[in-house]
Structures are given as C-alpha cells and as structure tokens.
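Participant: Attaching a single structure in structure tokens format; questions to follow.
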Amino acid sequence: MSPVTKRLRVDGCGAVRQDDGVMAFPKRLGANRAAMERMHRIHQLLQHRQYPNCTKLAKEFEVAKRTMKRDIEFMKDRMDLPIGFDVQRNGYFYTEKVDRFPDLPMSEAEVFAVFVASKAIEQYRGTPYQRLLETAFRRLTGRLDENVKFSVGSLDNVISFRPFAPGDADVKAFEVLAKGVRERRAVTFMYRNHGAATAQRRDVHPYHMAHVDGRWCLFGYDVGRQAMRTFVLCLLKVPKLTARRFKVSKKFDLNEYLRNSFSLFRGKEGNECEVIVDLDAWAADEVRGRRWHDSQEFTDRPKGGLRVTMRLNGVEEVEKWVMGFGTHATVVQPKELAERLGKTGEEFAKRYAGVRTR
C-alpha cells in the first residue's frame, strides 16, 4: 500500500487527514531502531487490550504526539495491521487477532529494486564479477529472508523471495503481472508449458509472485482450467492487464500450497509419498547443512553416508535432484521414482553405447 491516504477522519490524536493528502513517513523509518522499538511496544499494548492513545504513548516515550501518530499510521498503512480507534475508551485496539509483529516492511519500490538488481547480475554472467555480485546479493536478501521468505509489509501476499539464483524474467512482464496481483485484476498471456513446442492463451487471476528455485513465478487461478496453476515467467509472453476484478480465495496460502512440493510445482492431490534416498560420503557432504525441504530428515549411515527422507506429493522434481548426484545416490523408495531413474539409465546406456571408456 502506498502512503497516499484515504478519506479524512478525526482520531484519538486529534489529527485530521485530508482527501488525497500524503502522509509523510521518515525515509528511514523501516531501519530506525527507536521507531521499531516503539512500534513493538504499541503492538504489545494492543495485543493486551490496553487501548493506548497518542498522548499516553508520547509521555511514555518522551516524544511528540505527532511522532506517535506517525508510528501508528506506519503500522496501519505499511505493516497492514488491523488497528482501530475506540472513541469511548479513547484508545487504539486491534480489530482482529494478530499473533505476531510483522517482519521489517519494504516499500513496493524497494521490492522492485531488488528484482532489478537480480536482473542486473545477469549482465556479468561468465565474468570475474559474477561470483562477487551473487555473494553480495545473497547477503543482502539473506538478511531479509531468515525463514525461506520475508514479508514485504502490505505486499506480503504479493511478492516473496526464495533461495537466489539468476532467472530469466522480463522486467515489463514482471511489472504487468505485479500490478495484476496488487490490484486484483485478471491477466491474459501466452504460455508455453515446460517442454511444449507451442504456447497457449491463458486467462488467469494472479494471486502471488515468488522467486523460487532461481526462477520468478506466478501463482494464480487458471479460469479456463478452473484450478490453481504455477507459471514460470520466462515461459510467459505478451501479458496483458484486463479490467476484470477478482477476489483471492481465503483458502490460498503459498506455503501450504507448496508444502509437499520439492521445489516449484505441486503434484496431484492424494499423491503424497515418502521419498527415501541413500547417499554415499561424497553426496552426503553436498547435502548436509542445507534445507532442501521442510519435511527432510537425515540419518547417518556407515562410512560417512547419509539417508535422506522427505514427504512429497510428486517425484518429477526430486528425480532431477537425485540424478544430479549420479551414482553417488540410490533411491530406496518409492518404487515409481526408482523405476523412472532406471528407465533414464537405460536410455543413457543406449545413447552412449558406442562411446569408449577408459
């Protein structure tokens, strides 16, 4: 949400907001330690139904009432917290339950700047600067993303970041789709399914955009197929914003939607299975200390080996992961995954049958 205010009202601080006026927030409020400490305190008071007002808060923190007004407006407009004012009690309160204080908010412009920065790194691929830039970018986003994703204030249901690796997404397409998500407007575009030769027109209600497994993706309701779908931006062409509005289903939650997915794509409902893979010492060193999936369990094996157990709803993506370790990995279960890898091995054997080995 932008800092542009809505219609004017008089509240507990006696402040009047003007139609189409602008509430000026400090440029560095998001990084101001004192301001964040005040807002944490306000959050605690609201949680415990203490009904604080600007006068009492200003006295407690020894600051001007204008400062407390600004903090509360920031919490409402930028952190999207449900704060109301009770005239009879002369204080603020939460209009609905809030379990935790939101993560450090980022403005819409800042989020887009991070996206552009990730694109800029692509220009240095293959040069001596690539590793340096990627390391710096991981450090920057890592500070914002301690739990796989980070909240971006009122945009926390629009855009999130997951582990970094450069992807090929068009900036203009990103802008169109982000606007569709933000304004809850349907979009149309041409989309080519992975491995398909031709693209098809899609009519979609865009719910959320995320950076997953190195690729920018759109999660939305496909009107034609009447189901949720995941779209990779680099396979998407000619996006157009329509005037049709939609409401996001209350049942949609990205973390829940991808809960049993290994990476990006969700398998079929009711297709959950336990995946068990044994790794030798070489592959085990590649896997230890990394979060591959929320359900992962590691069990040490003889000679430095490792058994990895995960609960997934599809084997297609984890198949590529296992193949990446070559003969250093062995699938214990499910049988379907072992059979797929066996067929792939047979195809490799036929393809390279005439190649000499030393």
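Ligands are numbered from 1 in the order shown, residues from 1 within each chain, and chains are lettered A, B, ... in the order they appear in the structure tokens.
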So that I can see what lies close to Val238 (chain A), please list as a list in words the residues with an atom at most 10 Å from it, counting only C-alpha atoms and leaving out residues fewer than 3 positions away in the same chain.

Facilitator: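 Those residues are Lys172, Ala173, Val176, Thr188, Phe189, Met190, Tyr191 and Arg201 of chain A.
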
Participant: For the residues selected in the previous step, produce a file with N, CA and C atoms as a PDB file, in the first residue's frame.

Facilitator:
```pdb
ATOM      1  N   LYS A 172       9.297  -5.971 -18.006  1.00  0.00           N
ATOM      2  CA  LYS A 172       7.982  -5.441 -18.363  1.00  0.00           C
ATOM      3  C   LYS A 172       6.879  -6.423 -17.993  1.00  0.00           C
ATOM      4  N   ALA A 173       7.126  -7.712 -18.235  1.00  0.00           N
ATOM      5  CA  ALA A 173       6.142  -8.734 -17.864  1.00  0.00           C
ATOM      6  C   ALA A 173       5.966  -8.745 -16.353  1.00  0.00           C
ATOM      7  N   VAL A 176       3.666  -5.853 -15.294  1.00  0.00           N
ATOM      8  CA  VAL A 176       2.253  -6.084 -15.619  1.00  0.00           C
ATOM      9  C   VAL A 176       1.631  -7.070 -14.636  1.00  0.00           C
ATOM     10  N   THR A 188      -4.186 -11.808 -19.004  1.00  0.00           N
ATOM     11  CA  THR A 188      -4.125 -12.819 -20.056  1.00  0.00           C
ATOM     12  C   THR A 188      -2.706 -12.844 -20.592  1.00  0.00           C
ATOM     13  N   PHE A 189      -2.262 -13.999 -21.054  1.00  0.00           N
ATOM     14  CA  PHE A 189      -0.928 -14.108 -21.640  1.00  0.00           C
ATOM     15  C   PHE A 189      -0.820 -15.415 -22.416  1.00  0.00           C
ATOM     16  N   MET A 190       0.223 -15.491 -23.214  1.00  0.00           N
ATOM     17  CA  MET A 190       0.532 -16.728 -23.934  1.00  0.00           C
ATOM     18  C   MET A 190       1.546 -17.496 -23.096  1.00  0.00           C
ATOM     19  N   TYR A 191       1.259 -18.784 -22.875  1.00  0.00           N
ATOM     20  CA  TYR A 191       2.145 -19.567 -22.015  1.00  0.00           C
ATOM     21  C   TYR A 191       2.494 -20.896 -22.669  1.00  0.00           C
ATOM     22  N   ARG A 201      -3.072 -19.595 -25.006  1.00  0.00           N
ATOM     23  CA  ARG A 201      -3.564 -18.420 -24.300  1.00  0.00           C
ATOM     24  C   ARG A 201      -4.120 -18.832 -22.940  1.00  0.00           C
TER      25      ARG A 201
END
```

Participant: Can you list, as a VMD selection string, every protein, DNA or RNA residue that comes within 7 Å of region 259-263 of chain A when you count only C-alpha atoms, leaving out same-chain residues fewer than 6 positions away?

Facilitator: chain A and resid 213 293 311 to 314 317 to 318

Participant: Save the residues we just selected, N, CA and C atoms, as an mmCIF file, in the first residue's frame?

Facilitator:
```cif
data_model
loop_
_atom_site.group_PDB
_atom_site.id
_atom_site.type_symbol
_atom_site.label_atom_id
_atom_site.label_comp_id
_atom_site.auth_asym_id
_atom_site.auth_seq_id
_atom_site.Cartn_x
_atom_site.Cartn_y
_atom_site.Cartn_z
ATOM 1 N N ASP A 213 13.527 -21.286 -6.382
ATOM 2 C CA ASP A 213 14.496 -22.127 -7.081
ATOM 3 C C ASP A 213 15.142 -21.389 -8.244
ATOM 4 N N HIS A 293 14.075 -29.393 2.017
ATOM 5 C CA HIS A 293 12.626 -29.463 2.138
ATOM 6 C C HIS A 293 12.257 -29.421 3.612
ATOM 7 N N ARG A 311 8.796 -36.054 2.650
ATOM 8 C CA ARG A 311 7.401 -36.328 2.325
ATOM 9 C C ARG A 311 6.985 -35.396 1.208
ATOM 10 N N LEU A 312 6.724 -35.939 -0.002
ATOM 11 C CA LEU A 312 6.437 -35.130 -1.183
ATOM 12 C C LEU A 312 5.143 -35.582 -1.857
ATOM 13 N N ASN A 313 4.612 -34.707 -2.740
ATOM 14 C CA ASN A 313 3.399 -35.072 -3.480
ATOM 15 C C ASN A 313 3.681 -35.289 -4.964
ATOM 16 N N GLY A 314 4.930 -35.503 -5.302
ATOM 17 C CA GLY A 314 5.308 -35.778 -6.684
ATOM 18 C C GLY A 314 6.786 -36.138 -6.744
ATOM 19 N N GLU A 317 10.280 -33.524 -9.755
ATOM 20 C CA GLU A 317 11.340 -32.585 -9.426
ATOM 21 C C GLU A 317 12.459 -33.231 -8.610
ATOM 22 N N VAL A 318 12.098 -34.118 -7.691
ATOM 23 C CA VAL A 318 13.133 -34.770 -6.899
ATOM 24 C C VAL A 318 13.940 -35.742 -7.750
#
```

Participant: Which residue gives the smallest distance to Val331 (chain A) among A:Glu134, A:Lys350, A:Lys247, A:Met310, with only C-alpha atoms counted?

Facilitator: A:Met310

Participant: Can you tell me, as a ChimeraX atom specification, what residues are no more than 6 Å from Arg192 (chain A) when counting only C-alpha atoms, ignoring any on the same chain fewer than 5 positions away?

Facilitator: /A:198-199,235

Participant: Give me, as a ChimeraX atom specification, all polymer residues having an atom no more than 9 Å from Ala58 (chain A), counting only C-alpha atoms and skipping those fewer than 6 positions away in the same chain.

Facilitator: /A:64-68

Participant: Name the closest residue to Gly224 (chain A) among the candidates A:His208, A:His194, A:Arg202, A:Arg245; distances are taken between atoms, counting only C-alpha atoms.

Facilitator: A:Arg202

Participant: Quick one: residues within 12 Å of Val98 (chain A), only C-alpha atoms counted, chain neighbours fewer than 3 positions away excluded, as a list in words?

Facilitator: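 In the requested format, the answer is His43, Gln44, Leu45, Leu46, Gln47, His48, Arg49, Met79, Asp80, Leu81, Pro82, Ile83, Phe93, Tyr94, Thr95, Phe101 and Pro102 of chain A.
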
Participant: Can you pull out every residue within 8 Å of Cys217 (chain A), counting only C-alpha atoms, but drop anything in the same chain fewer than 3 positions away, and send it as a VMD selection string?

Facilitator: chain A and resid 209 to 212 230 to 233

Participant: Near Arg89 (chain A), within 10 Å and counting only C-alpha atoms, which residues show up once chain neighbours fewer than 6 positions away are dropped, as an NGL selection string?

Facilitator: :A and (12 or 50-53)

Participant: Take the residues from that selection and put them in a file with N, CA and C atoms, as a compact mmCIF listing (two decimals), in the first residue's frame.

Facilitator:
```txt
# COMPACT_ATOMS: atom_id res chain seq x y z
N GLY A 12 -7.92 9.60 17.67
CA GLY A 12 -7.58 9.83 19.06
C GLY A 12 -6.49 10.84 19.26
N GLN A 50 -4.91 -2.78 25.98
CA GLN A 50 -4.64 -1.68 26.89
C GLN A 50 -5.16 -0.34 26.36
N TYR A 51 -5.60 -0.29 25.11
CA TYR A 51 -6.18 0.90 24.48
C TYR A 51 -5.28 2.14 24.64
N PRO A 52 -4.06 2.09 24.14
CA PRO A 52 -3.17 3.26 24.22
C PRO A 52 -3.63 4.36 23.26
N ASN A 53 -3.32 5.61 23.58
CA ASN A 53 -3.55 6.70 22.64
C ASN A 53 -2.26 7.50 22.49
```

Participant: What does the structure give for the distance between CA of Ala178 (chain A) and CA of Tyr257 (chain A), in Å to one decimal?

Facilitator: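 That distance, rounded to one decimal, is 19.5 Å.
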
Participant: At what distance in Å, to one decimal, does CA of Gln200 (chain A) lie from CA of Phe219 (chain A)?

Facilitator: 17.1 Å

Participant: Calculate how many Å separate CA of Arg78 (chain A) from CA of Arg182 (chain A), rounding to one decimal.

Facilitator: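 So the answer is 14.1 Å.
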
Participant: Nearest to Glu286 (chain A): which of A:Lys320, A:Arg229, A:Arg215, A:His328 is it, counting only C-alpha atoms?

Facilitator: A:His328

Participant: DSSP says strand (DSSP E) for which residues of region 29-90 of chain A? Put them as a ChimeraX atom specification?

Facilitator: /A:83-86

Participant: For the residues selected in the previous step, produce a file with C-alpha atoms as a PDB file, in the first residue's frame.

Facilitator:
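Generated file (out00.pdb):
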```pdb
ATOM      1  CA  ILE A  83      -5.753  -1.030  14.099  1.00  0.00           C
ATOM      2  CA  GLY A  84      -8.982   0.757  15.023  1.00  0.00           C
ATOM      3  CA  PHE A  85      -9.841   3.527  17.461  1.00  0.00           C
ATOM      4  CA  ASP A  86     -12.383   3.158  20.284  1.00  0.00           C
TER       5      ASP A  86
END
```
